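What's in model_3.txt: compact mmCIF, C-alpha atoms
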# COMPACT_ATOMS: atom_id res chain seq x y z
CA MET A 1 -22.99 -15.99 0.94
CA ASP A 2 -20.77 -19.00 0.47
CA ILE A 3 -17.50 -17.84 -1.03
CA GLN A 4 -17.29 -20.47 -3.76
CA PHE A 5 -20.88 -19.85 -4.75
CA LYS A 6 -20.35 -16.10 -4.81
CA LYS A 7 -17.25 -16.50 -6.96
CA GLY A 8 -19.15 -18.62 -9.47
CA VAL A 9 -22.03 -16.18 -9.66
CA LEU A 10 -19.69 -13.22 -10.06
CA GLU A 11 -17.83 -14.99 -12.84
CA LEU A 12 -21.07 -15.64 -14.66
CA CYS A 13 -22.07 -11.99 -14.25
CA VAL A 14 -18.75 -10.71 -15.57
CA LEU A 15 -18.68 -13.11 -18.51
CA SER A 16 -22.28 -12.23 -19.39
CA LEU A 17 -21.57 -8.49 -19.28
CA LEU A 18 -18.67 -9.07 -21.65
CA GLU A 19 -20.77 -11.09 -24.09
CA ASP A 20 -21.88 -8.18 -26.24
CA GLN A 21 -19.16 -5.63 -25.69
CA ASP A 22 -15.71 -5.18 -24.23
CA ARG A 23 -15.72 -3.23 -20.99
CA TYR A 24 -13.22 -1.69 -18.59
CA GLY A 25 -12.86 -2.49 -14.92
CA TYR A 26 -14.62 0.54 -13.49
CA GLU A 27 -17.60 -0.03 -15.76
CA LEU A 28 -17.95 -3.66 -14.67
CA ALA A 29 -17.50 -2.69 -11.04
CA SER A 30 -20.18 0.02 -11.21
CA ILE A 31 -22.75 -2.22 -12.89
CA LEU A 32 -22.16 -5.12 -10.54
CA SER A 33 -21.97 -3.17 -7.30
CA GLU A 34 -25.24 -1.53 -8.23
CA LYS A 35 -27.14 -4.74 -9.09
CA VAL A 36 -25.46 -7.24 -6.81
CA ASN A 37 -24.56 -6.38 -3.28
CA ILE A 38 -20.77 -6.58 -3.53
CA SER A 39 -18.06 -4.03 -2.89
CA SER A 40 -16.69 -2.86 -6.21
CA GLY A 41 -13.18 -3.82 -5.12
CA GLY A 42 -14.11 -7.48 -5.34
CA ILE A 43 -14.44 -7.40 -9.09
CA TYR A 44 -10.73 -7.10 -9.86
CA PRO A 45 -9.74 -10.38 -8.21
CA VAL A 46 -12.41 -12.10 -10.36
CA LEU A 47 -11.12 -10.40 -13.50
CA ARG A 48 -7.59 -11.37 -12.65
CA ARG A 49 -8.52 -15.01 -12.14
CA LEU A 50 -10.40 -15.06 -15.44
CA LYS A 51 -7.38 -13.50 -17.14
CA THR A 52 -4.96 -16.03 -15.64
CA ASP A 53 -7.18 -18.88 -16.84
CA GLU A 54 -7.42 -17.19 -20.27
CA TYR A 55 -11.19 -16.79 -20.20
CA VAL A 56 -10.76 -13.09 -20.84
CA ASP A 57 -8.10 -11.07 -22.59
CA THR A 58 -7.10 -7.46 -21.95
CA TYR A 59 -5.98 -4.59 -24.10
CA LEU A 60 -5.31 -0.91 -23.48
CA GLU A 61 -7.31 1.77 -25.23
CA GLU A 62 -7.06 5.53 -25.03
CA SER A 63 -9.86 7.18 -23.11
CA SER A 64 -11.06 10.69 -23.88
CA GLY A 65 -8.87 13.02 -21.90
CA GLY A 66 -7.26 10.55 -19.57
CA PRO A 67 -4.73 7.75 -19.34
CA PRO A 68 -5.47 4.60 -21.38
CA ARG A 69 -7.97 2.17 -19.92
CA LYS A 70 -7.62 -1.56 -19.66
CA TYR A 71 -10.46 -3.25 -21.53
CA PHE A 72 -11.55 -6.82 -20.93
CA LYS A 73 -12.62 -9.04 -23.81
CA LEU A 74 -14.18 -12.49 -23.81
CA THR A 75 -12.05 -15.25 -25.36
CA ASN A 76 -13.45 -18.32 -27.08
CA SER A 77 -12.92 -20.48 -24.03
CA GLY A 78 -14.42 -17.70 -21.92
CA ASN A 79 -17.52 -17.79 -24.05
CA LYS A 80 -17.74 -21.56 -23.63
CA LEU A 81 -17.39 -21.14 -19.87
CA ARG A 82 -20.12 -18.53 -19.96
CA GLN A 83 -22.50 -20.89 -21.76
CA GLY A 84 -21.71 -23.69 -19.30
CA LEU A 85 -22.21 -21.48 -16.25
CA LYS A 86 -25.40 -20.07 -17.71
CA THR A 87 -26.87 -23.55 -18.18
CA ASP A 88 -25.82 -24.45 -14.63
CA TRP A 89 -27.37 -21.28 -13.33
CA ILE A 90 -30.71 -21.82 -15.06
CA THR A 91 -30.92 -25.41 -13.84
CA LEU A 92 -29.97 -24.33 -10.32
CA LYS A 93 -32.48 -21.52 -10.36
CA GLU A 94 -35.30 -23.84 -11.43
CA ASN A 95 -34.41 -26.47 -8.87
CA ILE A 96 -34.17 -23.93 -6.08
CA SER A 97 -37.51 -22.43 -7.07
CA LEU A 98 -39.05 -25.87 -6.63
CA ILE A 99 -37.69 -26.11 -3.11
CA VAL A 100 -38.15 -22.53 -2.00
CA LYS A 101 -41.84 -21.95 -2.48
CA GLU A 102 -42.16 -18.44 -3.65
CA GLU A 103 -44.85 -16.22 -2.23
CA GLY A 104 -48.29 -17.11 -3.63
CA GLY A 105 -46.89 -20.19 -5.31
CA ASP A 106 -47.72 -22.75 -2.63
CA ASN A 107 -51.44 -22.23 -2.08
CA GLN A 108 -52.94 -23.39 -5.33
CA MET B 1 -9.35 7.09 3.19
CA ASN B 2 -8.04 8.78 0.05
CA LYS B 3 -6.54 7.23 -3.08
CA LYS B 4 -2.96 7.43 -1.91
CA GLU B 5 -3.66 5.83 1.45
CA PHE B 6 -5.76 3.07 -0.09
CA LEU B 7 -3.13 2.16 -2.68
CA LYS B 8 -0.35 2.31 -0.12
CA LYS B 9 -2.15 0.00 2.28
CA LEU B 10 -3.13 -2.40 -0.49
CA LYS B 11 0.40 -2.47 -1.85
CA ARG B 12 1.72 -3.49 1.54
CA LEU B 13 -0.60 -6.50 1.58
CA LEU B 14 0.39 -7.80 -1.84
CA PRO B 15 3.45 -9.86 -2.75
CA ALA B 16 6.09 -8.00 -4.77
CA ASN B 17 5.59 -9.92 -8.01
CA ASP B 18 1.89 -9.03 -8.24
CA GLN B 19 1.92 -5.51 -6.83
CA LYS B 20 2.49 -3.54 -9.99
CA GLU B 21 -0.35 -4.92 -12.07
CA ILE B 22 -2.96 -4.98 -9.32
CA ILE B 23 -2.09 -1.49 -8.09
CA ALA B 24 -2.30 -0.22 -11.68
CA ASP B 25 -5.84 -1.62 -11.97
CA TYR B 26 -6.98 0.09 -8.79
CA GLU B 27 -5.25 3.31 -9.74
CA GLU B 28 -7.18 3.27 -13.02
CA HIS B 29 -10.36 2.60 -11.06
CA PHE B 30 -9.74 5.66 -8.89
CA ASN B 31 -8.89 7.86 -11.87
CA THR B 32 -12.01 6.82 -13.76
CA GLY B 33 -14.15 7.42 -10.68
CA ILE B 34 -12.61 10.84 -10.15
CA SER B 35 -13.21 11.78 -13.80
CA GLU B 36 -16.88 10.84 -13.25
CA GLY B 37 -17.04 13.32 -10.39
CA LYS B 38 -16.72 11.02 -7.41
CA THR B 39 -14.45 11.88 -4.51
CA GLU B 40 -11.48 9.70 -3.65
CA GLU B 41 -13.11 8.87 -0.32
CA GLU B 42 -16.35 7.69 -1.96
CA ILE B 43 -14.48 5.46 -4.37
CA ALA B 44 -12.35 4.01 -1.60
CA SER B 45 -15.36 3.19 0.55
CA ASP B 46 -17.09 1.55 -2.44
CA LEU B 47 -14.01 -0.59 -3.00
CA GLY B 48 -14.11 -2.00 0.51
CA THR B 49 -11.10 -2.07 2.79
CA PRO B 50 -7.62 -2.82 1.36
CA THR B 51 -7.58 -5.87 3.63
CA ASP B 52 -10.82 -7.19 2.13
CA VAL B 53 -9.49 -6.60 -1.37
CA ALA B 54 -6.22 -8.38 -0.64
CA LYS B 55 -8.22 -11.21 0.90
CA GLU B 56 -10.20 -11.60 -2.31
CA PHE B 57 -6.91 -11.96 -4.15
CA GLY B 58 -6.02 -14.62 -1.60
CA TYR B 59 -3.15 -12.64 -0.15
CA VAL B 60 -4.04 -11.88 3.43
CA ARG B 61 -2.62 -13.89 6.24
CA GLU B 62 -5.20 -14.86 8.77
CA LYS B 63 -4.76 -13.11 12.09
CA ALA B 64 -2.47 -14.92 14.48
CA PRO B 65 -4.25 -16.63 17.38
CA VAL B 66 -4.25 -14.70 20.65
CA ARG B 67 -1.86 -17.15 22.33
CA ASN B 68 0.82 -16.43 19.70
CA VAL B 69 0.30 -12.71 20.13
CA VAL B 70 0.89 -13.00 23.86
CA PHE B 71 4.09 -14.97 23.25
CA ALA B 72 5.27 -12.48 20.64
CA ALA B 73 4.54 -9.58 23.00
CA ILE B 74 6.42 -11.19 25.88
CA GLY B 75 9.31 -11.97 23.54
CA LEU B 76 9.40 -8.38 22.35
CA ILE B 77 9.38 -6.99 25.90
CA LEU B 78 12.25 -9.32 26.86
CA PHE B 79 14.14 -8.30 23.74
CA ASP B 80 13.60 -4.64 24.59
CA ALA B 81 14.80 -5.10 28.16
CA LEU B 82 17.88 -7.17 27.32
CA ILE B 83 19.09 -5.86 23.96
CA GLY B 84 16.72 -3.36 22.38
CA ILE B 85 17.15 -0.55 24.89
CA ALA B 86 20.94 -1.03 24.92
CA ILE B 87 21.10 -0.81 21.13
CA VAL B 88 18.85 2.25 20.96
CA ALA B 89 20.81 3.95 23.77
CA SER B 90 24.21 3.31 22.16
CA VAL B 91 23.09 4.44 18.74
CA PHE B 92 21.55 7.49 20.37
CA SER B 93 24.83 8.37 22.15
CA VAL B 94 26.82 7.97 18.96
CA TRP B 95 24.31 10.20 17.23
CA ILE B 96 24.62 12.86 19.95
CA SER B 97 28.45 12.67 19.87
CA LEU B 98 28.57 13.10 16.10
CA TRP B 99 26.34 16.17 16.31
CA SER B 100 28.62 17.50 19.05
CA VAL B 101 31.57 17.12 16.69
CA ALA B 102 29.77 19.18 14.07
CA PHE B 103 28.92 21.79 16.70
CA SER B 104 32.49 21.91 18.07
CA LEU B 105 33.87 22.44 14.57
CA LEU B 106 31.45 25.33 14.15
CA VAL B 107 32.41 26.89 17.48
CA SER B 108 36.18 26.54 16.88
CA GLY B 109 35.82 28.02 13.39
CA VAL B 110 33.93 31.03 14.73
CA ALA B 111 36.38 31.37 17.62
CA LEU B 112 39.36 31.30 15.29
CA ILE B 113 37.89 33.99 13.05
CA VAL B 114 36.95 36.16 16.02
CA SER B 115 40.43 35.73 17.48
CA ILE B 116 41.89 37.49 14.44
CA PHE B 117 40.66 40.71 15.99
CA PHE B 118 42.61 39.93 19.11
CA THR B 119 45.90 39.37 17.34
CA ALA B 120 47.73 38.51 20.50
CA LEU B 121 45.98 35.13 20.58
CA ILE B 122 47.54 33.94 17.32
CA SER B 123 50.48 36.31 17.33
CA PRO B 124 53.12 33.91 15.94
CA PHE B 125 50.99 33.48 12.79
CA PRO B 126 49.87 36.06 10.24
CA TRP B 127 46.15 37.03 10.56
CA TYR B 128 45.09 35.52 7.19
CA LEU B 129 46.25 32.08 8.35
CA GLY B 130 43.73 32.39 11.17
CA LEU B 131 41.02 33.44 8.73
CA ILE B 132 41.74 30.59 6.31
CA SER B 133 41.79 27.97 9.08
CA GLY B 134 38.61 29.45 10.55
CA ILE B 135 36.81 29.26 7.21
CA ALA B 136 38.14 25.75 6.70
CA LEU B 137 36.73 24.70 10.06
CA LEU B 138 33.36 26.27 9.26
CA GLY B 139 33.29 24.45 5.92
CA LEU B 140 34.16 21.20 7.62
CA SER B 141 31.40 21.77 10.15
CA GLY B 142 28.96 22.44 7.30
CA LEU B 143 29.89 19.25 5.47
CA PHE B 144 29.69 17.28 8.67
CA SER B 145 26.25 18.71 9.42
CA ILE B 146 24.99 17.79 5.96
CA GLY B 147 26.20 14.25 6.51
CA MET B 148 24.55 14.26 9.91
CA ILE B 149 21.21 15.36 8.46
CA TYR B 150 21.17 12.14 6.45
CA VAL B 151 22.27 10.11 9.46
CA THR B 152 19.52 11.74 11.51
CA LYS B 153 16.94 10.88 8.87
CA TYR B 154 17.92 7.22 8.89
CA PHE B 155 18.19 7.20 12.64
CA PHE B 156 14.61 8.36 13.06
CA LYS B 157 13.43 6.04 10.32
CA ALA B 158 14.96 3.11 12.16
CA LEU B 159 13.50 4.33 15.44
CA ARG B 160 10.08 4.59 13.85
CA TRP B 161 10.33 1.11 12.36
CA TYR B 162 11.22 -0.21 15.78
CA GLY B 163 8.25 1.60 17.31
CA ASP B 164 5.91 0.37 14.55
CA LEU B 165 7.09 -3.16 15.20
CA HIS B 166 5.67 -2.86 18.71
CA VAL B 167 2.38 -1.48 17.45
CA ARG B 168 2.11 -4.26 14.87
CA ILE B 169 2.79 -7.00 17.35
CA PHE B 170 0.65 -5.66 20.17
CA ALA B 171 -2.26 -4.79 17.89
CA ASN B 172 -1.95 -8.17 16.11
CA LYS B 173 -1.84 -6.74 12.63
Reformat the file's structure so that it appears as structure tokens.
Amino acid sequence: MDIQFKKGVLELCVLSLLEDQDRYGYELASILSEKVNISSGGIYPVLRRLKTDEYVDTYLEESSGGPPRKYFKLTNSGNKLRQGLKTDWITLKENISLIVKEEGGDNQ
Amino acid sequence: MNKKEFLKKLKRLLPANDQKEIIADYEEHFNTGISEGKTEEEIASDLGTPTDVAKEFGYVREKAPVRNVVFAAIGLILFDALIGIAIVASVFSVWISLWSVAFSLLVSGVALIVSIFFTALISPFPWYLGLISGIALLGLSGLFSIGMIYVTKYFFKALRWYGDLHVRIFANK
């Protein structure tokens, strides 16, 4: 997959997962590596970029019987970015579907 | 690869100012995985290689082209032949001599103490003078040896670094 494209998609995935609840890195990595074919190590660079650009914020919270975990939280600008990327994604998906004729879709 | 190895390798690929935070994130990742019953090896293989991870952060130098590697290798061989071997040999001789000093001190101390029993050898002096000097020599030898243990440690560290340098350059890492 093209690196830029992959980065964009991963960002959208992370931002969407953070929409309803704050999550910690391992959680995000497990969900994404299960659904999307990426190595879980690739999630932290994305999180770090989002943090640097202030689309997400982090805070530490105690975990049950362990060291505190770093939670990621969507910021206002992060939520705006999420909405923008989501719109882009839906448009892209529809346009691609028109080009790539899905099975059974081309013989009317 | 276990947790320690993974973090160590990753750390080496990151610039100093970013190491702490990134390593902390991956350490947390390992700890969470372990608390969920995964082995360190499983978690490491899910993470991908440290090189891939560092690449995602934008921190891995691309491999040098083969031509550069050949030049670097030739340069290193020339350096070894002209200077490297001479430096290693001289440092090695100094190291051997210093250990010999420690050993000689030990031998003379023991000899002096033993000689007490053959009073004729130190007859102009009272026996306890021999004993005191003998113990002093043994103590000196001990101190010297302790110092030399540190020197030896650094010596082998330097030697290993020099050896690793060859591996790094020849293997183009």
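Residues of chain B having any atom within 9 Å of chain A, counting only C-alpha atoms, are Ile22, Asp25, Tyr26, Glu28, His29, Phe30, Asn31, Thr32, Gly33, Ser35, Ile43, Ala44, Ser45, Asp46, Leu47, Gly48, Thr49, Pro50, Asp52, Val53, Ala54, Glu56, Phe57 and Gly58 of chain B.
Across the structure, CA of Gln4 (chain A) and CA of Val66 (chain B) are spaced 28.3 Å apart.
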> Excluding same-chain residues fewer than 4 positions from Val36 (chain A), what lies within 9 Å of it counting all atoms listed in the file, as a VMD selection string?
Replying inline: chain A and resid 10 31 to 32
Okay, now the selection with C-alpha atoms, as a tab-separated table (two decimals), keeping the file's coordinate frame?
chain	number	residue	atom	x	y	z
A	10	LEU	CA	-19.69	-13.22	-10.06
A	31	ILE	CA	-22.75	-2.22	-12.89
A	32	LEU	CA	-22.16	-5.12	-10.54
If we count all atoms listed in the file, what is near Thr75 (chain A) at a cut-off of 12 Å, once residues fewer than 6 positions away on the same chain are taken out, given as a PDB file with C-alpha atoms, in the frame of the given file?
ATOM      1  CA  LEU A  15     -18.680 -13.110 -18.510  1.00  0.00           C
ATOM      2  CA  LEU A  18     -18.670  -9.070 -21.650  1.00  0.00           C
ATOM      3  CA  GLU A  19     -20.770 -11.090 -24.090  1.00  0.00           C
ATOM      4  CA  GLN A  21     -19.160  -5.630 -25.690  1.00  0.00           C
ATOM      5  CA  ASP A  22     -15.710  -5.180 -24.230  1.00  0.00           C
ATOM      6  CA  LEU A  50     -10.400 -15.060 -15.440  1.00  0.00           C
ATOM      7  CA  LYS A  51      -7.380 -13.500 -17.140  1.00  0.00           C
ATOM      8  CA  ASP A  53      -7.180 -18.880 -16.840  1.00  0.00           C
ATOM      9  CA  GLU A  54      -7.420 -17.190 -20.270  1.00  0.00           C
ATOM     10  CA  TYR A  55     -11.190 -16.790 -20.200  1.00  0.00           C
ATOM     11  CA  VAL A  56     -10.760 -13.090 -20.840  1.00  0.00           C
ATOM     12  CA  ASP A  57      -8.100 -11.070 -22.590  1.00  0.00           C
ATOM     13  CA  THR A  58      -7.100  -7.460 -21.950  1.00  0.00           C
ATOM     14  CA  LEU A  81     -17.390 -21.140 -19.870  1.00  0.00           C
ATOM     15  CA  ARG A  82     -20.120 -18.530 -19.960  1.00  0.00           C
TER      16      ARG A  82
END
Once you add 6 Å to each side, what are the centre and edge lengths of the axis-aligned box holding all listed atoms of region 38-46 of chain A? One decimal in Å, as AutoDock Vina command-line options, if you can.
--center_x -15.3 --center_y -7.5 --center_z -6.6 --size_x 23.0 --size_y 21.2 --size_z 19.5
> Which residue gives the smallest distance to Lys38 (chain B) among B:Ser108, B:Asn68, B:Asn2, B:Thr51, with only C-alpha atoms counted?
Replying inline: B:Asn2
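With CA of Ala89 (chain B) on one side and CA of Ile77 (chain B) on the other, the separation reads 16.0 Å.
CA of Val88 (chain B) lies 25.5 Å from CA of Leu143 (chain B).
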>> So that I can see what lies close to Trp89 (chain A), please list as a list in words the residues with an atom at most 12 Å from it, counting only C-alpha atoms and leaving out residues fewer than 6 positions away in the same chain.
In response: Phe5, Gly8, Val9, Leu10, Glu11, Leu12, Cys13, Leu81, Arg82, Gln83, Asn95, Ile96 and Ser97 of chain A
> Nearest to Leu74 (chain A) among A:Lys6, A:Lys35, A:Lys101, A:Tyr59, with distances taken over only C-alpha atoms: which residue is it?
Replying inline: A:Tyr59
>> Around the point (45.5, 39.9, 11.7) (coordinates from the file), which residues reach within 7 Å if we count all atoms listed in the file? Answer as number ranges by chain.
In response: B: 116-117, 119, 126-128
>> I'd like the neighbourhood of region 94-100 of chain B as JSON, numbers by chain, where a residue qualifies if any of its atoms comes within 9 Å (using all atoms listed in the file), though same-chain residues fewer than 4 positions away should be ignored.
In response: {"B": [89, 90, 104, 105, 144, 145, 148, 151, 152, 155]}
Generate the missing atoms of region 109-141 of chain B up to N, CA and C atoms and report them as a PDB file, in the frame of the given file.
ATOM      1  N   GLY B 109      35.677  27.178  14.583  1.00  0.00           N
ATOM      2  CA  GLY B 109      35.820  28.020  13.390  1.00  0.00           C
ATOM      3  C   GLY B 109      35.513  29.470  13.715  1.00  0.00           C
ATOM      4  N   VAL B 110      34.335  29.670  14.373  1.00  0.00           N
ATOM      5  CA  VAL B 110      33.930  31.030  14.730  1.00  0.00           C
ATOM      6  C   VAL B 110      34.969  31.648  15.667  1.00  0.00           C
ATOM      7  N   ALA B 111      35.410  30.868  16.644  1.00  0.00           N
ATOM      8  CA  ALA B 111      36.380  31.370  17.620  1.00  0.00           C
ATOM      9  C   ALA B 111      37.670  31.816  16.944  1.00  0.00           C
ATOM     10  N   LEU B 112      38.110  30.989  15.985  1.00  0.00           N
ATOM     11  CA  LEU B 112      39.360  31.300  15.290  1.00  0.00           C
ATOM     12  C   LEU B 112      39.241  32.603  14.507  1.00  0.00           C
ATOM     13  N   ILE B 113      38.091  32.765  13.844  1.00  0.00           N
ATOM     14  CA  ILE B 113      37.890  33.990  13.050  1.00  0.00           C
ATOM     15  C   ILE B 113      37.808  35.204  13.976  1.00  0.00           C
ATOM     16  N   VAL B 114      37.077  35.041  15.076  1.00  0.00           N
ATOM     17  CA  VAL B 114      36.950  36.160  16.020  1.00  0.00           C
ATOM     18  C   VAL B 114      38.326  36.521  16.592  1.00  0.00           C
ATOM     19  N   SER B 115      39.137  35.487  16.830  1.00  0.00           N
ATOM     20  CA  SER B 115      40.430  35.730  17.480  1.00  0.00           C
ATOM     21  C   SER B 115      41.376  36.572  16.631  1.00  0.00           C
ATOM     22  N   ILE B 116      41.067  36.651  15.307  1.00  0.00           N
ATOM     23  CA  ILE B 116      41.890  37.490  14.440  1.00  0.00           C
ATOM     24  C   ILE B 116      41.929  38.929  14.968  1.00  0.00           C
ATOM     25  N   PHE B 117      40.749  39.326  15.508  1.00  0.00           N
ATOM     26  CA  PHE B 117      40.660  40.710  15.990  1.00  0.00           C
ATOM     27  C   PHE B 117      41.421  40.915  17.282  1.00  0.00           C
ATOM     28  N   PHE B 118      41.773  39.819  17.912  1.00  0.00           N
ATOM     29  CA  PHE B 118      42.610  39.930  19.110  1.00  0.00           C
ATOM     30  C   PHE B 118      43.938  39.257  18.765  1.00  0.00           C
ATOM     31  N   THR B 119      44.735  39.982  17.973  1.00  0.00           N
ATOM     32  CA  THR B 119      45.900  39.370  17.340  1.00  0.00           C
ATOM     33  C   THR B 119      46.841  38.672  18.308  1.00  0.00           C
ATOM     34  N   ALA B 120      46.807  39.101  19.538  1.00  0.00           N
ATOM     35  CA  ALA B 120      47.730  38.510  20.500  1.00  0.00           C
ATOM     36  C   ALA B 120      47.542  36.997  20.612  1.00  0.00           C
ATOM     37  N   LEU B 121      46.284  36.549  20.401  1.00  0.00           N
ATOM     38  CA  LEU B 121      45.980  35.130  20.580  1.00  0.00           C
ATOM     39  C   LEU B 121      46.695  34.256  19.558  1.00  0.00           C
ATOM     40  N   ILE B 122      46.848  34.753  18.319  1.00  0.00           N
ATOM     41  CA  ILE B 122      47.540  33.940  17.320  1.00  0.00           C
ATOM     42  C   ILE B 122      48.780  34.677  16.832  1.00  0.00           C
ATOM     43  N   SER B 123      49.390  35.413  17.724  1.00  0.00           N
ATOM     44  CA  SER B 123      50.480  36.310  17.330  1.00  0.00           C
ATOM     45  C   SER B 123      51.601  35.669  16.497  1.00  0.00           C
ATOM     46  N   PRO B 124      52.000  34.405  16.766  1.00  0.00           N
ATOM     47  CA  PRO B 124      53.120  33.910  15.940  1.00  0.00           C
ATOM     48  C   PRO B 124      52.731  33.758  14.473  1.00  0.00           C
ATOM     49  N   PHE B 125      51.417  33.705  14.175  1.00  0.00           N
ATOM     50  CA  PHE B 125      50.990  33.480  12.790  1.00  0.00           C
ATOM     51  C   PHE B 125      50.397  34.737  12.192  1.00  0.00           C
ATOM     52  N   PRO B 126      50.517  34.898  10.868  1.00  0.00           N
ATOM     53  CA  PRO B 126      49.870  36.060  10.240  1.00  0.00           C
ATOM     54  C   PRO B 126      48.344  35.915  10.325  1.00  0.00           C
ATOM     55  N   TRP B 127      47.601  37.042  10.314  1.00  0.00           N
ATOM     56  CA  TRP B 127      46.150  37.030  10.560  1.00  0.00           C
ATOM     57  C   TRP B 127      45.391  36.184   9.528  1.00  0.00           C
ATOM     58  N   TYR B 128      45.876  36.236   8.224  1.00  0.00           N
ATOM     59  CA  TYR B 128      45.090  35.520   7.190  1.00  0.00           C
ATOM     60  C   TYR B 128      45.144  34.008   7.388  1.00  0.00           C
ATOM     61  N   LEU B 129      46.187  33.511   8.064  1.00  0.00           N
ATOM     62  CA  LEU B 129      46.250  32.080   8.350  1.00  0.00           C
ATOM     63  C   LEU B 129      45.096  31.695   9.283  1.00  0.00           C
ATOM     64  N   GLY B 130      44.862  32.604  10.263  1.00  0.00           N
ATOM     65  CA  GLY B 130      43.730  32.390  11.170  1.00  0.00           C
ATOM     66  C   GLY B 130      42.420  32.380  10.414  1.00  0.00           C
ATOM     67  N   LEU B 131      42.264  33.332   9.494  1.00  0.00           N
ATOM     68  CA  LEU B 131      41.020  33.440   8.730  1.00  0.00           C
ATOM     69  C   LEU B 131      40.796  32.191   7.892  1.00  0.00           C
ATOM     70  N   ILE B 132      41.864  31.768   7.179  1.00  0.00           N
ATOM     71  CA  ILE B 132      41.740  30.590   6.310  1.00  0.00           C
ATOM     72  C   ILE B 132      41.380  29.350   7.134  1.00  0.00           C
ATOM     73  N   SER B 133      42.091  29.156   8.254  1.00  0.00           N
ATOM     74  CA  SER B 133      41.790  27.970   9.080  1.00  0.00           C
ATOM     75  C   SER B 133      40.383  28.054   9.632  1.00  0.00           C
ATOM     76  N   GLY B 134      39.980  29.277  10.022  1.00  0.00           N
ATOM     77  CA  GLY B 134      38.610  29.450  10.550  1.00  0.00           C
ATOM     78  C   GLY B 134      37.577  29.066   9.519  1.00  0.00           C
ATOM     79  N   ILE B 135      37.767  29.573   8.272  1.00  0.00           N
ATOM     80  CA  ILE B 135      36.810  29.260   7.210  1.00  0.00           C
ATOM     81  C   ILE B 135      36.824  27.756   6.918  1.00  0.00           C
ATOM     82  N   ALA B 136      38.031  27.177   6.939  1.00  0.00           N
ATOM     83  CA  ALA B 136      38.140  25.750   6.700  1.00  0.00           C
ATOM     84  C   ALA B 136      37.353  24.962   7.747  1.00  0.00           C
ATOM     85  N   LEU B 137      37.468  25.380   8.986  1.00  0.00           N
ATOM     86  CA  LEU B 137      36.730  24.700  10.060  1.00  0.00           C
ATOM     87  C   LEU B 137      35.227  24.839   9.880  1.00  0.00           C
ATOM     88  N   LEU B 138      34.787  26.050   9.491  1.00  0.00           N
ATOM     89  CA  LEU B 138      33.360  26.270   9.260  1.00  0.00           C
ATOM     90  C   LEU B 138      32.853  25.382   8.135  1.00  0.00           C
ATOM     91  N   GLY B 139      33.671  25.305   7.051  1.00  0.00           N
ATOM     92  CA  GLY B 139      33.290  24.450   5.920  1.00  0.00           C
ATOM     93  C   GLY B 139      33.173  23.005   6.353  1.00  0.00           C
ATOM     94  N   LEU B 140      34.147  22.577   7.138  1.00  0.00           N
ATOM     95  CA  LEU B 140      34.160  21.200   7.620  1.00  0.00           C
ATOM     96  C   LEU B 140      32.911  20.928   8.458  1.00  0.00           C
ATOM     97  N   SER B 141      32.587  21.910   9.304  1.00  0.00           N
ATOM     98  CA  SER B 141      31.400  21.770  10.150  1.00  0.00           C
ATOM     99  C   SER B 141      30.145  21.670   9.286  1.00  0.00           C
TER     100      SER B 141
END
